[in-house]
Structure formats: C-alpha cells, structure tokens
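Take a look at the structure below.
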Amino acid sequence: MKRQIAVLTLVGITALLVWAQSSVETPVRASQSTVMAAPRVIKITAKRFEFVPNQLTLKKGEPVVLQVTSEDVTHGFFLRPLKIDDVLKPGQTRDIPVTPQVAGKFTAICDHFCGVNHGAMHMTIEVVE
Amino acid sequence: MKNTDRRSFLKIAGASLGIGALYHVLPTPAPGLAAQMLDHMKHANGERPSPFSFVQLSDAHVGFHGPPDPLGTRAFERAVEMVNALPQPPDLVLFTGDLTHDSEDKDVHARRMAQFREIAGRLKAPLVKCVPGEHDAGLDGGLLFRENFGESHYSFDHRGVHFVALDNVSRAKPEVGPEQLAWLKRDLARFPRTAPIVVFTHRPLFDLKPEWEWFTSDGDDVMNLLSAYDNVTVLYGHIHRDHEHQVGQVRNYGARSLIFAFPDPAVSPDKKPLKFDPAKPFRELGIREVQAGRKPGPLGIHDVELTLREMSGLNGIQQLLKDPFRS
C-alpha cells in the first residue's frame, strides 16, 4: 500500500511538473512572440554635414527605433511632426523611439550648430500609409 | 470726441534706402491731447517719447565668399555709406546677427569680426548695437562676440522706447534658454504694459519654417512674456528676406541680409540661396523699402510701424488715467 501511495505520489509530482512546465512554456512563447514584434531598429549616422542614410521610409503607426550616432561633433536631430528633438554628443548613440502618426514627407534637421555647412545637414523621412 | 487713428501715435515712416531700412518713431497724438498724453507717458513709462529714427541691418556674413555673392562685403559697405548719407541721421543702428561668417580657424574668425567692426565703425550713428547670429556664436558659445561687444543679451532705453537684445544662438540650439528667460521677465517687470518695446534678435521667435531652422524652440515662452505688453515690435534677421507676422499683439519683422537672399519658403522646396545676378548685384538685399510721408490710413505691405495702438486719442487717455501703472 505504501509503495502504491509512493508511486501515485511520484506520478502526481511528475504530472504536476509536466503541467507546471507546460504552463511556464506558454508565457515564454508569449514573450518570444513579443520579442518578434519589437520595434524595427534603424541605424542613422550623423556627421558634418550629413545624415547617412539621408532618406528613410516609415509606415504610419509602426513603432521603430531610430538609433542615431554622432561620429564627430555634437549634432541635433529635430523633426517636429514626429516629435523628435534630440542632442547627439560626439561618439554617442541615442535610441529614439518613434511611432509616426501622420503620413507625409518630412525634413529632419541638425539643429545644433555644427559648422559652416550646418544649414545643409538634413534628411528626408517619408511616412507612408 | 472722435478717436484718432490708433496707428498714428507712434509709427515708423521712412525713406526707401534701396539697401538698409530706416525707421522713424513719431509720437503724433491727436491735437490738443499731446501734452497731456506725453506727460502721462513720461509718468507711466519713465521717459517722454520723442521723435527719432533708427536703422536695422542684418546678416552681413563678413568673410563669406561664394557664388551666391562674390562681392563679399560690398553690400554691407554700401549700406553703411547710405545710412551715413541720410539727411536725418539715425540715432542708432541695430545689427540683428550673423555679423560674420564662421570659420573653424579661431584666428580667421577673429579677423572677420575685426573687419566687421572696422566697417560698422564707419557709421556716423552715435549708437550701434548688435546681437549675435549662429555664425558668430554657434561654435564658441558666443565667446568671440562677448569679447568684442560685451553681453549678448541686454536692454537699454532710448527716448521713451525700451530696446531688448535677445540671444537665441549662443546655446548652439535655436533657443533662448531658461536663464535668459528669467532675465527677460525681470527686465520687463519694471515697465507698465503701455511701454513701447522693441525686441531685436537673430532667429524668428515663432515657427516660421522649422525644417529650415527658422524658429526658436522656446520662442513661445518669450512671446508669453511679451504678450503682457501692448506695444511690442520684434525685429530679427536669419531668414535673409522680408517677412511680417503677428503673434497676438506682437508684430514681427524679418530683415533682408547684406550678403545673399533665401527663397520664399512657401514656394521653394529647398533653402538654397538665390543666384547672384551681376546686373543687379544688390537685388533682394538690404532690408525693406519703407515708404515716406504716409497719410493716415491702412498700411501697405512695405510699411513698418511701431505702434502704441491703445494710446491714441480718447481711448489712450482713458487707458492712461485708468491704468497708468501695470499692476
């Protein structure tokens, strides 16, 4: 009788473990699913007097992260319609999350004076439906 | 009693200079009310307004050499000659920034600033005041400017008008900054709301074209402070073209440059300088054409005025009697 109880207990524990594992796996899968949907990361380099790339297409409503690095001096990264207003110190990389809410063709500028051709440092960001 | 034209009390009239702009401040209250009004103005504002004229020059970019203007400082030098030749010399000349074109080489930039001072020094006007542009102060935080002219923001009074110099370039970003805003609030606090105020700065204090960097990010904060006053005029440069814009009661006027012109942002997709025309080398330069001897009435597009709108006629007297001091 004691042996039967022990076996049943073992079976029960095993069943519990299997259930527990399966119940843990579900959120893990959910988590993996979240990772899959993580915002797209788009790398941009800022250097006097250009952004590379200087053209970008985003989808309206799609969350993205603009990962902007300054290669030389302090630059600004400014685009009011997308609520972007950032400062990039020399060598620094900034992750700028953006979810465009309006479609259109916009011009992002360096708004931190960086030298004689500062006024020509800009890039085009197009947001499509 | 019939109200006089509200615009007629303190206005700018002037002469077409071709290059440069002349502003006349003309206190012209209704006949019979002049002495009483001016006495109240003196009591309320600290000084009795009296007629005078001043000139705004902008964006000389001394040191710039390139296809948009191969003539360098010629337009600037001509403007100085024309101001000196005016039959009625102005009391003061205001420079609204970009006195020089920047250089990575500090010595070169210093020489350009010295050249600016040499040319500006030919002006016969007793008072010459400057604010920096981003090409003067963007790389060194305004150090070279301050070495030459002292503080980059300041104020002074002249014949009953309060002049305020604002610096929206030395922080490298297009902004005035919290310290200067606090200073401006203190500076203005001693004036009644009727005081005539002229603000001169480099960048526009409103969103004219942000994607061309024609804005000041905390310009709304400046406008909020200025909105407590009835008679404010803002003069600025940076955009190298005429522009007029009203924010509440605050009138804003953009100036032409003395080097090259930018296109109209309403019709041009790019901020590229207009091409140089050898046949008309000073086309689109200077500041604006101001018509002389206007009769009372609606103002034309080329007119500029400093206003004391609420101070004219019976309304003005009642306002002064009711509220001589800003509470």
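Letters A, B, ... mark the chains of the structure tokens in the order given; residue numbers begin at 1 per chain; ligand numbers begin at 1, in order shown.
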Identify all chain B residues at most 12 Å from chain A by counting only C-alpha atoms; ligands do not count. Present them as an mmCIF file with C-alpha atoms, in the first residue's frame.
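The resulting file, part31.cif, is reproduced below:
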```
data_model
loop_
_atom_site.group_PDB
_atom_site.id
_atom_site.type_symbol
_atom_site.label_atom_id
_atom_site.label_comp_id
_atom_site.auth_asym_id
_atom_site.auth_seq_id
_atom_site.Cartn_x
_atom_site.Cartn_y
_atom_site.Cartn_z
ATOM 1 C CA HIS B 61 28.341 87.483 -43.056
ATOM 2 C CA GLY B 63 34.167 86.599 -44.581
ATOM 3 C CA PHE B 64 31.690 84.819 -46.836
ATOM 4 C CA THR B 100 30.457 87.345 -39.604
ATOM 5 C CA HIS B 101 30.633 84.039 -41.417
ATOM 6 C CA ASP B 102 32.069 81.393 -39.142
ATOM 7 C CA SER B 103 35.423 79.686 -39.562
ATOM 8 C CA GLU B 104 36.936 76.613 -37.919
ATOM 9 C CA ASP B 105 40.096 78.669 -37.505
ATOM 10 C CA HIS B 109 37.054 84.211 -37.373
ATOM 11 C CA GLY B 133 23.822 85.084 -35.098
ATOM 12 C CA GLU B 134 24.648 81.388 -35.090
ATOM 13 C CA HIS B 135 27.536 82.028 -37.488
ATOM 14 C CA ASP B 136 29.018 84.407 -34.893
ATOM 15 C CA ALA B 137 28.398 82.362 -31.764
ATOM 16 C CA GLY B 138 27.332 78.805 -32.592
ATOM 17 C CA LEU B 139 30.784 77.225 -32.405
ATOM 18 C CA ASP B 140 32.262 79.031 -29.390
ATOM 19 C CA GLY B 141 29.146 79.696 -27.310
ATOM 20 C CA ASN B 168 18.869 82.801 -29.437
ATOM 21 C CA VAL B 169 22.056 81.368 -30.941
ATOM 22 C CA SER B 170 24.832 81.028 -28.336
ATOM 23 C CA ARG B 171 23.478 77.771 -26.907
ATOM 24 C CA ALA B 172 24.089 76.258 -30.387
ATOM 25 C CA LYS B 173 20.443 75.142 -30.452
ATOM 26 C CA PRO B 174 17.783 77.608 -31.610
ATOM 27 C CA GLU B 175 16.747 78.645 -28.140
ATOM 28 C CA ASP B 207 7.671 78.827 -36.101
ATOM 29 C CA LYS B 209 9.794 77.296 -41.109
ATOM 30 C CA PRO B 210 11.174 74.827 -38.528
ATOM 31 C CA GLU B 211 12.553 72.421 -41.152
ATOM 32 C CA TRP B 212 14.747 75.293 -42.363
ATOM 33 C CA GLU B 213 15.655 76.062 -38.770
ATOM 34 C CA TRP B 214 13.643 79.260 -38.961
ATOM 35 C CA PHE B 215 12.292 79.117 -35.423
ATOM 36 C CA THR B 216 13.227 79.420 -31.746
ATOM 37 C CA SER B 217 12.265 76.366 -29.725
ATOM 38 C CA HIS B 238 18.473 84.975 -40.139
ATOM 39 C CA ILE B 239 15.970 84.371 -42.954
ATOM 40 C CA PRO B 269 11.278 73.191 -51.586
ATOM 41 C CA ASP B 270 14.914 73.939 -50.758
ATOM 42 C CA LYS B 271 16.720 76.545 -48.708
ATOM 43 C CA LYS B 272 19.259 77.407 -51.377
ATOM 44 C CA PRO B 273 20.488 80.985 -51.787
#
```
_Can you pull out every residue from region 107-282 of chain B that DSSP, working from the backbone, puts in strand (DSSP E), and format the result as number ranges by chain?_
B: 127-131, 154-158, 161-165, 196-200, 231-236, 243-247, 250-254
What's the 9 Å shell around Pro132 (chain B), counting only C-alpha atoms, without same-chain residues fewer than 5 positions away, as a PDB file with N, CA and C atoms, in the first residue's frame?
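Below you can see part.pdb, which holds the result:
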```
ATOM      1  N   PHE B  95      22.142  95.807 -35.408  1.00  0.00           N
ATOM      2  CA  PHE B  95      22.549  94.667 -36.231  1.00  0.00           C
ATOM      3  C   PHE B  95      21.924  93.412 -35.645  1.00  0.00           C
ATOM      4  N   THR B  96      21.135  92.697 -36.466  1.00  0.00           N
ATOM      5  CA  THR B  96      20.451  91.515 -35.936  1.00  0.00           C
ATOM      6  C   THR B  96      21.149  90.208 -36.352  1.00  0.00           C
ATOM      7  N   GLY B  97      22.439  90.140 -36.046  1.00  0.00           N
ATOM      8  CA  GLY B  97      23.145  88.869 -36.094  1.00  0.00           C
ATOM      9  C   GLY B  97      23.774  88.471 -37.403  1.00  0.00           C
ATOM     10  N   ASP B  98      24.589  87.382 -37.332  1.00  0.00           N
ATOM     11  CA  ASP B  98      25.430  86.938 -38.437  1.00  0.00           C
ATOM     12  C   ASP B  98      26.234  88.115 -38.983  1.00  0.00           C
ATOM     13  N   LEU B  99      26.920  88.751 -38.056  1.00  0.00           N
ATOM     14  CA  LEU B  99      27.836  89.825 -38.425  1.00  0.00           C
ATOM     15  C   LEU B  99      28.956  89.248 -39.273  1.00  0.00           C
ATOM     16  N   ALA B 137      28.313  82.879 -33.136  1.00  0.00           N
ATOM     17  CA  ALA B 137      28.398  82.362 -31.764  1.00  0.00           C
ATOM     18  C   ALA B 137      28.112  80.875 -31.620  1.00  0.00           C
ATOM     19  N   GLY B 142      29.479  81.953 -28.088  1.00  0.00           N
ATOM     20  CA  GLY B 142      29.367  83.411 -28.000  1.00  0.00           C
ATOM     21  C   GLY B 142      30.607  84.107 -27.454  1.00  0.00           C
ATOM     22  N   PHE B 145      31.977  86.928 -29.708  1.00  0.00           N
ATOM     23  CA  PHE B 145      31.040  88.060 -29.698  1.00  0.00           C
ATOM     24  C   PHE B 145      31.192  88.864 -28.415  1.00  0.00           C
ATOM     25  N   SER B 152      25.686  89.253 -24.677  1.00  0.00           N
ATOM     26  CA  SER B 152      24.926  89.032 -25.914  1.00  0.00           C
ATOM     27  C   SER B 152      23.431  89.248 -25.711  1.00  0.00           C
ATOM     28  N   LEU B 166      17.961  90.062 -27.545  1.00  0.00           N
ATOM     29  CA  LEU B 166      17.869  88.664 -27.130  1.00  0.00           C
ATOM     30  C   LEU B 166      18.820  87.803 -27.949  1.00  0.00           C
ATOM     31  N   ASP B 167      19.454  86.858 -27.283  1.00  0.00           N
ATOM     32  CA  ASP B 167      20.409  85.948 -27.916  1.00  0.00           C
ATOM     33  C   ASP B 167      19.766  84.562 -28.034  1.00  0.00           C
ATOM     34  N   ASN B 168      19.424  84.156 -29.262  1.00  0.00           N
ATOM     35  CA  ASN B 168      18.869  82.801 -29.437  1.00  0.00           C
ATOM     36  C   ASN B 168      19.765  81.922 -30.298  1.00  0.00           C
ATOM     37  N   VAL B 169      21.093  82.142 -30.146  1.00  0.00           N
ATOM     38  CA  VAL B 169      22.056  81.368 -30.941  1.00  0.00           C
ATOM     39  C   VAL B 169      23.210  80.785 -30.130  1.00  0.00           C
ATOM     40  N   SER B 170      23.588  81.402 -29.010  1.00  0.00           N
ATOM     41  CA  SER B 170      24.832  81.028 -28.336  1.00  0.00           C
ATOM     42  C   SER B 170      24.778  79.666 -27.658  1.00  0.00           C
ATOM     43  N   THR B 201      16.608  90.465 -32.266  1.00  0.00           N
ATOM     44  CA  THR B 201      17.212  89.156 -32.073  1.00  0.00           C
ATOM     45  C   THR B 201      17.582  88.589 -33.435  1.00  0.00           C
ATOM     46  N   HIS B 202      18.156  87.395 -33.469  1.00  0.00           N
ATOM     47  CA  HIS B 202      18.581  86.864 -34.766  1.00  0.00           C
ATOM     48  C   HIS B 202      17.523  85.975 -35.405  1.00  0.00           C
TER      49      HIS B 202
END
```
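If you look at CA of Glu129 (chain A) and CA of Gln55 (chain A), they are 17.0 Å away from each other.
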_At a cut-off of 8 Å, using only C-alpha atoms, what residues contact Phe76 (chain B)? Leave out same-chain residues fewer than 2 positions from it and give the result as an MDAnalysis selection string._
chainID B and resid 60 73:74 78:80 119 258:259
*In Å, rounded to a single decimal, give me how far CA of His158 (chain B) is from CA of Gln88 (chain B).*
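CA of His158 (chain B) lies 17.1 Å from CA of Gln88 (chain B).
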*asked:* Please report the interatomic distance between CA of Asp264 (chain B) and CA of Pro68 (chain B) in Å with one decimal.
replied: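 It comes out at 15.9 Å.
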*From region 46-240 of chain B, collect each residue whose DSSP state is alpha helix (DSSP H) and return the set as a PyMOL selection string.*
chain B and resi 74-84+106-120+134-137+143-149+178-189+219-226
*Can you pull out every residue within 8 Å of Glu62 (chain A), counting only C-alpha atoms, but drop anything in the same chain fewer than 6 positions away, and send it as a VMD selection string?*
chain A and resid 39 99 to 100
Output for the residues just chosen: C-alpha atoms as a short mmCIF file (atom, residue, chain, number, x, y, z; two decimals), in the first residue's frame:
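Contents of out01.cif, as written:
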```cif
data_model
loop_
_atom_site.label_atom_id
_atom_site.label_comp_id
_atom_site.auth_asym_id
_atom_site.auth_seq_id
_atom_site.Cartn_x
_atom_site.Cartn_y
_atom_site.Cartn_z
CA PRO A 39 10.25 47.80 -32.95
CA THR A 99 5.63 55.83 -33.97
CA PRO A 100 4.60 58.09 -36.84
#
```
*Contacts of Asp187 (chain B) within 10 Å, only C-alpha atoms, excl. fewer than 3 positions in-chain, as a PyMOL selection string*: chain B and resi 154-156+164+181-184+190-191
Could you save the residues just selected, with N, CA and C atoms, as a short mmCIF file (atom, residue, chain, number, x, y, z; two decimals), in the first residue's frame?
```
data_model
loop_
_atom_site.label_atom_id
_atom_site.label_comp_id
_atom_site.auth_asym_id
_atom_site.auth_seq_id
_atom_site.Cartn_x
_atom_site.Cartn_y
_atom_site.Cartn_z
N TYR B 154 20.84 92.02 -23.49
CA TYR B 154 20.89 93.23 -22.67
C TYR B 154 19.68 94.10 -23.05
N SER B 155 19.54 95.19 -22.37
CA SER B 155 18.46 96.10 -22.73
C SER B 155 18.92 97.54 -22.48
N PHE B 156 18.24 98.45 -23.10
CA PHE B 156 18.53 99.87 -22.87
C PHE B 156 17.30 100.68 -23.26
N VAL B 164 15.28 95.69 -26.26
CA VAL B 164 15.74 94.44 -25.64
C VAL B 164 16.48 93.62 -26.68
N LEU B 181 15.44 83.71 -20.20
CA LEU B 181 14.01 83.95 -20.00
C LEU B 181 13.75 84.58 -18.63
N ALA B 182 14.45 84.07 -17.61
CA ALA B 182 14.28 84.64 -16.26
C ALA B 182 14.75 86.08 -16.25
N TRP B 183 15.86 86.34 -16.94
CA TRP B 183 16.36 87.72 -17.03
C TRP B 183 15.35 88.62 -17.73
N LEU B 184 14.78 88.12 -18.82
CA LEU B 184 13.80 88.93 -19.58
C LEU B 184 12.59 89.27 -18.72
N ARG B 190 9.65 95.95 -14.67
CA ARG B 190 9.62 97.33 -14.18
C ARG B 190 8.83 98.26 -15.10
N PHE B 191 8.33 97.72 -16.22
CA PHE B 191 7.64 98.59 -17.17
C PHE B 191 6.13 98.42 -17.10
#
```
*Might you pull out every residue within 12 Å of His162 (chain B), with only C-alpha atoms counted and same-chain residues fewer than 2 positions away left off, and present them as a VMD selection string?*
chain B and resid 45 to 49 154 to 160 164 to 165 187 to 188 190 to 200 229 231 to 234 306
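With only C-alpha atoms as the atoms that count, the minimum distance from Ile96 (chain A) to the choices A:Val41, A:Val127, A:Leu58, A:Val73 is reached by A:Val41.
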